[in-house]
>>> print(open('model_33.txt').read())   # compact mmCIF, C-alpha atoms
# COMPACT_ATOMS: atom_id res chain seq x y z
CA MET Z 27 -20.03 15.59 -31.89
CA GLY Z 28 -22.58 17.88 -30.31
CA SER Z 29 -22.91 18.64 -26.65
CA LEU Z 30 -25.48 18.56 -23.88
CA PRO Z 31 -25.50 20.48 -20.63
CA LEU Z 32 -23.80 18.46 -17.93
CA SER Z 33 -27.04 18.24 -15.96
CA GLN Z 34 -28.68 16.62 -18.95
CA GLY Z 35 -25.96 13.99 -19.03
CA LEU Z 36 -26.33 13.30 -15.32
CA ALA Z 37 -30.04 12.75 -15.82
CA LEU Z 38 -29.24 9.71 -17.92
CA HIS Z 39 -28.71 7.34 -14.98
CA TRP Z 40 -31.88 5.42 -15.75
CA TRP Z 41 -30.80 2.27 -13.95
CA THR Z 42 -30.47 1.41 -10.29
CA MET Z 43 -28.09 -0.97 -8.61
CA THR Z 44 -26.37 -1.64 -5.32
CA ARG Z 45 -23.57 0.90 -4.85
CA LEU Z 46 -20.20 -0.41 -5.94
CA TYR Z 47 -16.92 1.12 -4.82
CA LEU Z 48 -14.02 0.56 -7.22
CA ASP Z 49 -11.67 3.28 -6.01
CA HIS Z 50 -9.68 1.34 -3.43
CA ASN Z 51 -6.35 2.75 -4.67
CA ALA Z 52 -7.57 6.06 -3.28
CA THR Z 53 -8.47 4.49 0.05
CA THR Z 54 -9.83 1.27 1.47
CA PRO Z 55 -12.53 0.96 4.14
CA GLN Z 56 -11.30 0.33 7.66
CA SER Z 57 -11.87 -3.23 8.77
CA GLU Z 58 -14.19 -3.77 11.72
CA ALA Z 59 -11.30 -5.13 13.77
CA VAL Z 60 -9.30 -1.97 13.11
CA THR Z 61 -12.15 0.28 14.21
CA THR Z 62 -12.79 -1.80 17.33
CA ALA Z 63 -9.13 -1.70 18.34
CA MET Z 64 -8.91 2.06 17.79
CA LEU Z 65 -12.01 2.73 19.85
CA GLU Z 66 -10.63 0.64 22.69
CA VAL Z 67 -7.37 2.58 22.60
CA MET Z 68 -9.26 5.87 22.68
CA ARG Z 69 -11.15 4.69 25.76
CA SER Z 70 -8.38 2.90 27.66
CA ASN Z 71 -4.93 3.82 26.34
CA TRP Z 72 -5.28 7.55 25.79
CA SER Z 73 -2.21 8.46 27.81
CA ASN Z 74 0.85 9.99 26.21
CA PRO Z 75 3.27 7.15 25.31
CA SER Z 76 6.22 9.39 26.21
CA SER Z 77 5.10 9.60 29.85
CA ILE Z 78 7.00 7.43 32.34
CA HIS Z 79 4.00 6.57 34.54
CA ARG Z 80 2.13 3.29 34.18
CA SER Z 81 -0.66 4.68 32.00
CA GLY Z 82 1.85 6.21 29.62
CA GLN Z 83 3.83 2.99 29.45
CA GLU Z 84 0.70 1.03 28.59
CA SER Z 85 0.26 3.32 25.60
CA ARG Z 86 3.95 2.85 24.79
CA ARG Z 87 3.48 -0.91 24.84
CA ALA Z 88 0.56 -0.62 22.40
CA VAL Z 89 2.73 1.43 20.02
CA ASP Z 90 5.61 -1.03 20.29
CA ASP Z 91 3.35 -4.02 19.65
CA ALA Z 92 1.94 -2.37 16.54
CA ARG Z 93 5.43 -1.45 15.34
CA ALA Z 94 6.46 -5.09 15.55
CA VAL Z 95 3.48 -6.26 13.49
CA VAL Z 96 3.82 -3.58 10.79
CA SER Z 97 7.54 -4.34 10.54
CA ALA Z 98 6.76 -8.03 10.13
CA LEU Z 99 4.38 -7.20 7.25
CA ILE Z 100 7.28 -5.76 5.25
CA GLY Z 101 10.00 -8.08 6.54
CA GLY Z 102 11.89 -5.38 8.41
CA SER Z 103 13.07 -4.77 11.96
CA PRO Z 104 10.95 -2.68 14.37
CA ALA Z 105 13.93 -0.39 14.95
CA GLU Z 106 13.94 0.45 11.23
CA LEU Z 107 10.31 1.64 11.12
CA THR Z 108 9.19 5.22 11.68
CA PHE Z 109 5.49 6.04 11.94
CA THR Z 110 4.41 9.15 10.02
CA SER Z 111 1.14 10.85 9.07
CA GLY Z 112 0.91 8.91 5.78
CA GLY Z 113 2.61 7.96 2.55
CA THR Z 114 3.23 11.54 1.44
CA GLU Z 115 5.14 12.47 4.57
CA SER Z 116 7.09 9.23 4.36
CA VAL Z 117 8.10 10.00 0.76
CA ASN Z 118 9.15 13.53 1.66
CA THR Z 119 11.17 12.33 4.65
CA ALA Z 120 12.90 9.59 2.68
CA ILE Z 121 13.98 11.72 -0.27
CA ARG Z 122 15.08 14.69 1.84
CA SER Z 123 16.98 12.39 4.21
CA LEU Z 124 18.88 10.65 1.44
CA LEU Z 125 19.69 13.97 -0.24
CA ARG Z 126 21.03 15.36 3.01
CA ALA Z 127 23.09 12.25 3.73
CA ARG Z 128 24.58 12.27 0.24
CA ALA Z 129 25.42 15.99 -0.02
CA PRO Z 130 26.95 17.58 -2.04
CA ARG Z 131 25.53 15.15 -4.61
CA SER Z 132 22.30 16.63 -5.93
CA LEU Z 133 21.13 14.40 -8.78
CA VAL Z 134 17.98 12.34 -8.24
CA VAL Z 135 17.13 9.54 -10.67
CA THR Z 136 13.44 8.67 -10.86
CA SER Z 137 10.66 7.79 -13.30
CA SER Z 138 8.19 10.09 -15.02
CA VAL Z 139 5.20 8.09 -13.76
CA GLU Z 140 5.68 8.69 -10.06
CA HIS Z 141 2.93 9.74 -7.66
CA SER Z 142 2.63 13.47 -7.07
CA ALA Z 143 4.23 13.04 -3.64
CA VAL Z 144 7.51 12.31 -5.41
CA ARG Z 145 6.96 14.35 -8.55
CA GLU Z 146 5.94 17.62 -6.88
CA LEU Z 147 8.58 17.32 -4.17
CA LEU Z 148 11.31 17.04 -6.80
CA GLU Z 149 9.89 20.05 -8.61
CA VAL Z 150 10.20 22.10 -5.41
CA LEU Z 151 13.68 20.76 -4.66
CA GLY Z 152 14.66 21.72 -8.18
CA GLU Z 153 14.28 25.35 -7.14
CA ASP Z 154 17.03 24.71 -4.57
CA GLY Z 155 19.44 23.20 -7.07
CA VAL Z 156 18.44 19.54 -7.03
CA ASP Z 157 18.63 18.05 -10.50
CA CYS Z 158 16.29 15.28 -11.66
CA VAL Z 159 16.74 12.71 -14.44
CA HIS Z 160 13.96 10.41 -15.62
CA LEU Z 161 14.71 6.85 -16.56
CA ASP Z 162 13.74 5.60 -20.00
CA MET Z 163 10.65 3.41 -20.06
CA ASP Z 164 8.58 1.41 -22.49
CA SER Z 165 5.15 2.38 -23.84
CA ALA Z 166 3.47 0.56 -20.94
CA GLY Z 167 5.19 2.74 -18.35
CA ARG Z 168 7.78 0.23 -17.11
CA VAL Z 169 11.25 1.65 -16.60
CA ASP Z 170 14.20 0.20 -18.49
CA PRO Z 171 16.92 -1.16 -16.14
CA ALA Z 172 19.48 -0.56 -18.91
CA SER Z 173 18.73 3.15 -18.62
CA LEU Z 174 19.66 3.07 -14.94
CA ALA Z 175 22.80 1.05 -15.68
CA HIS Z 176 23.90 3.73 -18.13
CA LEU Z 177 23.30 6.56 -15.65
CA LEU Z 178 25.12 4.73 -12.87
CA SER Z 179 28.13 4.15 -15.12
CA THR Z 180 28.28 7.68 -16.56
CA ARG Z 181 27.02 9.87 -13.69
CA GLY Z 182 27.33 7.64 -10.66
CA ASP Z 183 29.45 10.13 -8.75
CA ASP Z 184 26.72 12.77 -9.09
CA ILE Z 185 23.72 10.64 -8.11
CA ALA Z 186 22.37 11.25 -4.62
CA LEU Z 187 19.62 8.64 -4.80
CA VAL Z 188 17.25 6.70 -7.00
CA SER Z 189 13.49 6.73 -6.31
CA VAL Z 190 11.13 4.49 -8.29
CA MET Z 191 7.64 3.44 -7.19
CA TRP Z 192 6.90 -0.26 -6.69
CA ALA Z 193 3.42 -0.39 -8.28
CA ASN Z 194 1.82 2.47 -10.18
CA ASN Z 195 -1.26 3.99 -8.56
CA GLU Z 196 -3.02 4.65 -11.90
CA THR Z 197 -2.11 1.73 -14.17
CA GLY Z 198 -1.01 -0.89 -11.66
CA VAL Z 199 2.28 -1.45 -13.52
CA ILE Z 200 4.86 -3.25 -11.39
CA GLU Z 201 8.32 -1.78 -11.78
CA PRO Z 202 11.43 -4.03 -11.81
CA ILE Z 203 12.36 -3.03 -8.26
CA GLU Z 204 14.55 -6.05 -7.56
CA ALA Z 205 16.77 -5.41 -10.60
CA LEU Z 206 16.95 -1.66 -10.00
CA ALA Z 207 17.79 -2.06 -6.32
CA ALA Z 208 20.54 -4.58 -7.05
CA MET Z 209 22.14 -2.22 -9.55
CA CYS Z 210 22.00 0.68 -7.10
CA HIS Z 211 23.49 -1.43 -4.34
CA ASP Z 212 26.39 -2.54 -6.53
CA ALA Z 213 27.07 1.08 -7.45
CA GLY Z 214 26.86 2.31 -3.86
CA VAL Z 215 23.83 4.51 -4.56
CA PRO Z 216 20.87 4.43 -2.14
CA MET Z 217 17.40 3.64 -3.47
CA HIS Z 218 13.96 4.55 -2.17
CA SER Z 219 10.68 3.10 -3.41
CA ASP Z 220 7.19 4.47 -2.96
CA ALA Z 221 5.49 1.21 -1.99
CA THR Z 222 2.12 2.72 -1.13
CA GLN Z 223 0.18 0.59 -3.63
CA TRP Z 224 2.24 -2.53 -2.88
CA VAL Z 225 2.50 -3.03 0.88
CA GLY Z 226 -0.43 -4.98 2.30
CA LYS Z 227 -1.47 -6.17 -1.17
CA MET Z 228 1.56 -8.21 -2.17
CA PRO Z 229 4.19 -10.15 -0.18
CA THR Z 230 7.00 -7.82 0.86
CA ASP Z 231 10.38 -8.71 2.35
CA VAL Z 232 12.75 -5.76 2.51
CA SER Z 233 15.34 -7.92 4.25
CA SER Z 234 15.88 -9.81 0.99
CA LEU Z 235 16.19 -6.70 -1.20
CA PRO Z 236 19.02 -4.15 -1.30
CA LEU Z 237 16.60 -1.24 -0.95
CA ASP Z 238 17.44 1.52 1.51
CA MET Z 239 14.01 3.06 2.19
CA ILE Z 240 10.37 2.39 1.36
CA SER Z 241 7.29 4.47 2.16
CA PHE Z 242 3.69 3.28 2.59
CA ALA Z 243 0.33 4.13 4.18
CA GLY Z 244 -2.10 2.26 6.41
CA HIS Z 245 -5.30 3.30 4.67
CA LYS Z 246 -4.32 1.44 1.49
CA PHE Z 247 -4.78 -1.94 3.23
CA HIS Z 248 -7.87 -1.38 5.40
CA GLY Z 249 -6.15 0.60 8.11
CA PRO Z 250 -6.92 4.16 9.23
CA LYS Z 251 -6.08 7.36 7.39
CA GLY Z 252 -3.50 9.68 8.88
CA ILE Z 253 -0.91 7.01 9.62
CA GLY Z 254 1.96 5.85 7.44
CA GLY Z 255 5.28 4.12 7.61
CA LEU Z 256 8.84 4.84 6.55
CA TRP Z 257 11.17 1.88 6.59
CA ALA Z 258 14.86 2.83 6.56
CA ARG Z 259 17.50 0.12 6.53
CA SER Z 260 19.67 -0.01 9.62
CA GLY Z 261 22.48 2.49 9.18
CA SER Z 262 20.44 4.92 7.10
CA VAL Z 263 20.10 8.39 8.57
CA VAL Z 264 16.52 9.69 8.76
CA ALA Z 265 16.41 13.48 8.98
CA PRO Z 266 13.11 14.51 10.61
CA LEU Z 267 10.78 16.85 8.77
CA ILE Z 268 9.04 17.61 12.07
CA ARG Z 269 11.22 18.50 15.02
CA GLY Z 270 10.42 18.84 18.68
CA GLY Z 271 10.01 16.16 21.32
CA GLY Z 272 12.36 13.55 19.92
CA GLN Z 273 9.67 10.93 19.32
CA GLU Z 274 10.20 8.00 16.95
CA ARG Z 275 13.85 7.71 17.99
CA GLY Z 276 14.34 11.35 17.03
CA ARG Z 277 13.09 10.75 13.49
CA ARG Z 278 9.71 12.49 13.81
CA GLY Z 279 8.75 14.96 16.50
CA GLY Z 280 5.26 15.17 17.98
CA THR Z 281 3.11 13.00 20.21
CA GLU Z 282 2.41 9.68 18.54
CA ASN Z 283 -0.98 8.97 17.02
CA VAL Z 284 -1.62 5.97 19.24
CA PRO Z 285 -5.07 5.01 17.89
CA GLY Z 286 -3.83 5.29 14.31
CA ILE Z 287 -0.69 3.27 15.04
CA VAL Z 288 -2.67 0.54 16.78
CA GLY Z 289 -5.17 0.50 13.92
CA MET Z 290 -2.36 0.16 11.39
CA GLY Z 291 -0.98 -2.73 13.41
CA VAL Z 292 -4.29 -4.57 13.31
CA ALA Z 293 -4.60 -3.93 9.56
CA ALA Z 294 -1.06 -5.26 9.08
CA ARG Z 295 -1.92 -8.45 10.97
CA GLU Z 296 -5.02 -9.00 8.84
CA ALA Z 297 -3.06 -8.33 5.65
CA MET Z 298 -0.35 -10.80 6.67
CA ASP Z 299 -2.89 -13.51 7.38
CA TRP Z 300 -4.52 -12.93 3.98
CA LEU Z 301 -1.20 -12.90 2.12
CA GLN Z 302 0.07 -16.03 3.85
CA ALA Z 303 -3.14 -17.79 2.80
CA GLY Z 304 -2.40 -16.87 -0.83
CA GLY Z 305 -5.14 -14.28 -1.11
CA HIS Z 306 -3.22 -12.20 -3.65
CA ASP Z 307 -2.94 -15.18 -6.00
CA SER Z 308 -6.69 -15.69 -5.92
CA MET Z 309 -7.31 -12.06 -6.92
CA GLU Z 310 -5.25 -12.08 -10.12
CA PRO Z 311 -7.92 -13.86 -12.24
CA LEU Z 312 -10.54 -11.30 -11.16
CA ARG Z 313 -8.74 -8.48 -12.92
CA GLU Z 314 -8.56 -10.51 -16.12
CA CYS Z 315 -12.24 -11.41 -15.82
CA PHE Z 316 -13.23 -7.77 -15.32
CA GLU Z 317 -11.25 -6.51 -18.29
CA GLN Z 318 -12.57 -9.27 -20.53
CA SER Z 319 -16.12 -8.47 -19.46
CA VAL Z 320 -15.69 -4.78 -20.25
CA ARG Z 321 -14.19 -5.46 -23.68
CA ARG Z 322 -16.84 -8.03 -24.50
CA LEU Z 323 -19.49 -5.38 -23.88
CA ILE Z 324 -17.43 -2.48 -25.29
CA PRO Z 325 -15.17 -4.04 -27.97
CA ASN Z 326 -13.11 -0.92 -28.65
CA ALA Z 327 -12.34 -0.25 -24.99
CA CYS Z 328 -8.62 -0.45 -24.29
CA VAL Z 329 -6.64 -1.50 -21.23
CA ASN Z 330 -3.75 0.85 -20.48
CA SER Z 331 -0.41 -0.91 -19.87
CA GLU Z 332 -1.93 -4.30 -20.65
CA SER Z 333 1.41 -5.65 -21.86
CA ALA Z 334 3.22 -4.97 -18.58
CA PRO Z 335 3.14 -6.95 -15.33
CA ARG Z 336 0.45 -5.33 -13.18
CA ILE Z 337 -0.74 -5.65 -9.61
CA TRP Z 338 -4.04 -7.49 -9.16
CA SER Z 339 -5.89 -4.50 -7.70
CA THR Z 340 -5.81 -2.04 -10.62
CA SER Z 341 -7.22 -1.68 -14.11
CA SER Z 342 -6.99 1.50 -16.20
CA ILE Z 343 -9.36 1.40 -19.16
CA GLY Z 344 -9.84 3.85 -22.02
CA PHE Z 345 -13.25 4.37 -23.64
CA PRO Z 346 -13.49 5.74 -27.19
CA GLY Z 347 -15.32 9.01 -27.71
CA ILE Z 348 -16.09 9.32 -24.00
CA GLU Z 349 -15.13 12.16 -21.70
CA ALA Z 350 -13.61 10.60 -18.57
CA GLU Z 351 -15.05 13.33 -16.34
CA LEU Z 352 -18.59 12.82 -17.61
CA LEU Z 353 -18.31 9.05 -17.41
CA LEU Z 354 -17.11 9.25 -13.81
CA LEU Z 355 -19.99 11.53 -12.83
CA VAL Z 356 -22.62 9.37 -14.53
CA LEU Z 357 -21.16 6.21 -13.05
CA SER Z 358 -21.18 7.74 -9.59
CA GLU Z 359 -24.77 8.97 -9.95
CA GLY Z 360 -25.73 5.44 -10.96
CA GLY Z 361 -23.98 3.77 -8.05
CA LEU Z 362 -20.41 3.01 -9.15
CA ASP Z 363 -17.45 4.94 -7.74
CA ALA Z 364 -14.20 5.01 -9.73
CA SER Z 365 -11.44 7.52 -10.46
CA ALA Z 366 -9.53 9.15 -13.28
CA GLY Z 367 -6.27 8.57 -11.43
CA SER Z 368 -4.79 9.75 -8.16
CA ALA Z 369 -7.14 10.98 -5.45
CA CYS Z 370 -4.65 13.60 -4.29
CA SER Z 371 -5.81 16.43 -6.51
CA SER Z 372 -8.62 17.99 -4.48
CA GLY Z 373 -11.20 16.05 -6.44
CA ALA Z 374 -10.17 17.67 -9.71
CA VAL Z 375 -10.38 15.68 -12.93
CA LYS Z 376 -7.52 16.61 -15.22
CA ASP Z 377 -5.24 14.99 -17.75
CA SER Z 378 -3.32 12.11 -16.24
CA SER Z 379 0.37 12.94 -15.86
CA VAL Z 380 1.06 9.20 -15.80
CA LEU Z 381 -0.64 8.48 -19.13
CA GLU Z 382 0.90 11.60 -20.66
CA ALA Z 383 4.36 10.48 -19.56
CA MET Z 384 3.79 7.08 -21.12
CA GLY Z 385 3.17 8.66 -24.52
CA ARG Z 386 0.22 8.06 -26.81
CA GLN Z 387 -1.20 4.75 -25.72
CA PRO Z 388 -3.57 2.64 -27.82
CA CYS Z 389 -6.29 4.33 -25.78
CA GLN Z 390 -5.18 7.73 -27.03
CA VAL Z 391 -4.30 7.14 -30.67
CA ASP Z 392 -5.91 9.32 -33.33
CA PRO Z 393 -8.45 9.59 -34.73
CA ALA Z 394 -10.42 8.49 -31.65
CA ASP Z 395 -10.07 10.35 -28.37
CA TYR Z 396 -10.29 8.10 -25.34
CA GLY Z 397 -11.17 8.96 -21.78
CA SER Z 398 -9.37 6.69 -19.31
CA VAL Z 399 -10.85 5.63 -15.98
CA ARG Z 400 -9.10 3.78 -13.17
CA PHE Z 401 -10.96 0.96 -11.46
CA SER Z 402 -9.35 -0.46 -8.34
CA TRP Z 403 -10.53 -3.00 -5.79
CA CYS Z 404 -9.56 -4.67 -2.55
CA ARG Z 405 -9.24 -8.19 -1.20
CA HIS Z 406 -12.96 -8.27 -0.41
CA THR Z 407 -14.08 -7.51 -3.97
CA SER Z 408 -15.84 -10.44 -5.63
CA GLU Z 409 -16.08 -11.62 -9.22
CA ALA Z 410 -19.82 -10.98 -9.12
CA MET Z 411 -19.21 -7.35 -8.13
CA LEU Z 412 -16.80 -6.83 -11.01
CA THR Z 413 -19.16 -8.47 -13.48
CA GLN Z 414 -21.93 -6.19 -12.29
CA ALA Z 415 -19.58 -3.21 -12.60
CA ALA Z 416 -18.77 -4.10 -16.22
CA GLU Z 417 -22.47 -4.13 -17.09
CA HIS Z 418 -22.91 -0.81 -15.34
CA ILE Z 419 -20.01 0.71 -17.32
CA ASP Z 420 -21.51 -0.53 -20.57
CA ARG Z 421 -24.87 1.10 -19.86
CA ALA Z 422 -23.20 4.35 -18.87
CA CYS Z 423 -21.06 4.48 -22.02
CA LYS Z 424 -24.02 3.79 -24.26
CA GLY Z 425 -26.06 6.44 -22.49
CA ILE Z 426 -23.54 9.25 -22.87
CA ALA Z 427 -22.02 8.37 -26.25
CA GLY Z 428 -21.52 11.58 -28.20
CA ILE Z 429 -22.11 13.83 -25.19
CA HIS Z 430 -19.44 16.21 -23.95
CA PRO Z 431 -19.53 18.43 -20.86
CA PRO Z 432 -20.16 22.09 -21.76
CA THR Z 433 -17.15 24.29 -22.42
CA LYS Z 434 -16.75 28.06 -22.22
CA SER Z 435 -17.53 28.34 -25.91
CA ASP Z 436 -20.97 26.83 -25.29
CA PHE Z 437 -21.86 29.93 -23.27
CA ALA Z 438 -20.10 32.52 -25.41
CA ASP Z 439 -23.20 33.75 -27.26
CA SER Z 440 -25.86 33.17 -24.65
CA SER Z 441 -26.28 33.31 -20.93
CA THR Z 442 -28.47 30.22 -21.14
CA PRO Z 443 -26.86 27.07 -22.54
CA SER Z 444 -28.69 25.37 -25.38
CA MET Z 445 -29.00 21.66 -25.96
CA SER Z 446 -27.55 20.23 -29.15
CA SER Z 447 -28.18 16.79 -30.47
CA PRO Z 448 -25.19 14.45 -30.95
CA SER Z 449 -25.74 14.67 -34.73
CA ASP Z 450 -25.15 18.46 -34.88
>>> encode(input="model_33.txt", output="structure tokens")
Amino acid sequence: MGSLPLSQGLALHWWTMTRLYLDHNATTPQSEAVTTAMLEVMRSNWSNPSSIHRSGQESRRAVDDARAVVSALIGGSPAELTFTSGGTESVNTAIRSLLRARAPRSLVVTSSVEHSAVRELLEVLGEDGVDCVHLDMDSAGRVDPASLAHLLSTRGDDIALVSVMWANNETGVIEPIEALAAMCHDAGVPMHSDATQWVGKMPTDVSSLPLDMISFAGHKFHGPKGIGGLWARSGSVVAPLIRGGGQERGRRGGTENVPGIVGMGVAAREAMDWLQAGGHDSMEPLRECFEQSVRRLIPNACVNSESAPRIWSTSSIGFPGIEAELLLLVLSEGGLDASAGSACSSGAVKDSSVLEAMGRQPCQVDPADYGSVRFSWCRHTSEAMLTQAAEHIDRACKGIAGIHPPTKSDFADSSTPSMSSPSD
């Protein structure tokens, strides 16, 4: 295949359409009710909730009310919920807390498809002597419970904790959390789950599961950014990452983000209403419809992890002979926003650690190279929007077939890049 300058590829968006946003796993738009509630708090309940005067106690009441609603969303008790700055802080607090409580045990069992909040934290902790073992998994990225059973039976005395995400942020694969948690409970080993892509999208009842901690974030279900939750079962010790002030029952120092907490509470109420009405069930067919539409238009496109149970909000699709980075840029220029994976990499497009960990998927088998793109949507996404998106993807793929972004070698012999035809 030849190559064209990237600007030439971007000039190929010869169609126009209403802008479509299919990157809701990165973040969802705040609902109008959330924004309204936050603005009202900023105007009327701006006092410090730690103050004992009436204004401060009104702010405290707003925080407590929101805590009750967010706890109800996950089926937990308000006393078990700590508000944080987001999912990443919640993950860090959970894992560090369980390690500290279980010292001198220093073995963490996890999966190789975790979000970077877990993966990079364990890499850093490894420098301090924490060991990490990855569970076996199938080619779709779903962990094998038998692998955990083996580790618990052979190294149970060494294991400090198990941490496995509930739903994968790139592929949407749902891990067998219930089975894993039951095994950990029977072995007396605590388990944490990164539930960032699960809470607010699927029914959650931590009271019925033997999990010890889960972490999640408000902006994944139409709440504000900068606010997250850490649920820790009663009796679990939460060691604060941030000290000073004793807020959140001594679990997180610093004045509470009252507008963010209130906004998360409103988002939790809206999510509960939607879930109780069966909204998640109505979304499942939309993912199937979207994937069928894409493959009808692009027959050799491939759905990553298609064989595994997946959450309704996520589809990871590989496109033969297409550079994912170029496809994303052309799609965005034409009005469709998507992602190559996690949005926590400073906007960089790089090889997916999740897909690499899963091995060579059908979308990556020689001789064809595939670029994989993640499309994710929210409860407000319609079938018509996804059908329109599939047509948009088809036009983009046809327009850039055979085109690759320039590499360093393209500029090795000349300061001015030349344009080569795809047949060169």
>>> atom_distance(input="model_33.txt", atom1="CA of Ala175 (chain Z)", atom2="CA of Ala205 (chain Z)")
10.2 Å
>>> closest_residue(input="model_33.txt", among="Z:Leu381, Z:Ala334, Z:Leu151, Z:Met411", to="Ala166 (chain Z)", atoms="all atoms listed in the file")
Z:Ala334
>>> residues_around(input="model_33.txt", residues="His141 (chain Z)", least_positions_apart="2", cutoff="9 Å", atoms="only C-alpha atoms", output="NGL selection string")
:Z and (139 or 143-146 or 191 or 194-196 or 220 or 368 or 380)
>>> closest_residue(input="model_33.txt", among="Z:Met290, Z:Thr197, Z:Thr119, Z:Ala213", to="Arg93 (chain Z)", atoms="all atoms listed in the file")
Z:Met290
>>> residues_around(input="model_33.txt", residues="Gly305 (chain Z)", least_positions_apart="2", cutoff="12 Å", atoms="only C-alpha atoms", output="list in words")
Gly226, Lys227, Met228, Pro229, Glu296, Ala297, Met298, Asp299, Trp300, Leu301, Gln302, Ala303, Asp307, Ser308, Met309, Glu310, Pro311, Leu312, Trp338, Ser339, Cys404, Arg405, His406 and Thr407 of chain Z
>>> write_last_selection(input="model_33.txt", atoms="C-alpha atoms", output="PDB file, keeping the file's coordinate frame")
ATOM      1  CA  GLY Z 226      -0.430  -4.980   2.300  1.00  0.00           C
ATOM      2  CA  LYS Z 227      -1.470  -6.170  -1.170  1.00  0.00           C
ATOM      3  CA  MET Z 228       1.560  -8.210  -2.170  1.00  0.00           C
ATOM      4  CA  PRO Z 229       4.190 -10.150  -0.180  1.00  0.00           C
ATOM      5  CA  GLU Z 296      -5.020  -9.000   8.840  1.00  0.00           C
ATOM      6  CA  ALA Z 297      -3.060  -8.330   5.650  1.00  0.00           C
ATOM      7  CA  MET Z 298      -0.350 -10.800   6.670  1.00  0.00           C
ATOM      8  CA  ASP Z 299      -2.890 -13.510   7.380  1.00  0.00           C
ATOM      9  CA  TRP Z 300      -4.520 -12.930   3.980  1.00  0.00           C
ATOM     10  CA  LEU Z 301      -1.200 -12.900   2.120  1.00  0.00           C
ATOM     11  CA  GLN Z 302       0.070 -16.030   3.850  1.00  0.00           C
ATOM     12  CA  ALA Z 303      -3.140 -17.790   2.800  1.00  0.00           C
ATOM     13  CA  ASP Z 307      -2.940 -15.180  -6.000  1.00  0.00           C
ATOM     14  CA  SER Z 308      -6.690 -15.690  -5.920  1.00  0.00           C
ATOM     15  CA  MET Z 309      -7.310 -12.060  -6.920  1.00  0.00           C
ATOM     16  CA  GLU Z 310      -5.250 -12.080 -10.120  1.00  0.00           C
ATOM     17  CA  PRO Z 311      -7.920 -13.860 -12.240  1.00  0.00           C
ATOM     18  CA  LEU Z 312     -10.540 -11.300 -11.160  1.00  0.00           C
ATOM     19  CA  TRP Z 338      -4.040  -7.490  -9.160  1.00  0.00           C
ATOM     20  CA  SER Z 339      -5.890  -4.500  -7.700  1.00  0.00           C
ATOM     21  CA  CYS Z 404      -9.560  -4.670  -2.550  1.00  0.00           C
ATOM     22  CA  ARG Z 405      -9.240  -8.190  -1.200  1.00  0.00           C
ATOM     23  CA  HIS Z 406     -12.960  -8.270  -0.410  1.00  0.00           C
ATOM     24  CA  THR Z 407     -14.080  -7.510  -3.970  1.00  0.00           C
TER      25      THR Z 407
END
>>> residues_near_point(input="model_33.txt", point="(5.7, -5.5, -11.5)", cutoff="9 Å", atoms="all atoms listed in the file", output="count of residues only")
14
>>> residues_around(input="model_33.txt", residues="region 235-246 of chain Z", least_positions_apart="5", cutoff="8 Å", atoms="all atoms listed in the file", output="ChimeraX atom specification")
/Z:50-56,112-113,116-117,120,204,207-208,211,216-223,225-226,251-259,262,290,293
>>> residues_around(input="model_33.txt", residues="Leu267 (chain Z)", least_positions_apart="4", cutoff="10 Å", atoms="only C-alpha atoms", output="list in words")
Glu115, Ser116, Asn118, Thr119, Ala120, Arg122, Ser123, Arg277, Arg278 and Gly279 of chain Z
>>> write_last_selection(input="model_33.txt", atoms="C-alpha atoms", output="short mmCIF file (atom, residue, chain, number, x, y, z; two decimals), in the frame of the given file")
data_model
loop_
_atom_site.label_atom_id
_atom_site.label_comp_id
_atom_site.auth_asym_id
_atom_site.auth_seq_id
_atom_site.Cartn_x
_atom_site.Cartn_y
_atom_site.Cartn_z
CA GLU Z 115 5.14 12.47 4.57
CA SER Z 116 7.09 9.23 4.36
CA ASN Z 118 9.15 13.53 1.66
CA THR Z 119 11.17 12.33 4.65
CA ALA Z 120 12.90 9.59 2.68
CA ARG Z 122 15.08 14.69 1.84
CA SER Z 123 16.98 12.39 4.21
CA ARG Z 277 13.09 10.75 13.49
CA ARG Z 278 9.71 12.49 13.81
CA GLY Z 279 8.75 14.96 16.50
#
>>> closest_residue(input="model_33.txt", among="Z:Cys328, Z:Val156, Z:Ser97, Z:His248", to="Ser132 (chain Z)", atoms="only C-alpha atoms")
Z:Val156
>>> closest_residue(input="model_33.txt", among="Z:Pro325, Z:Gly249, Z:Pro130, Z:Gly102", to="Ile287 (chain Z)", atoms="all atoms listed in the file")
Z:Gly249
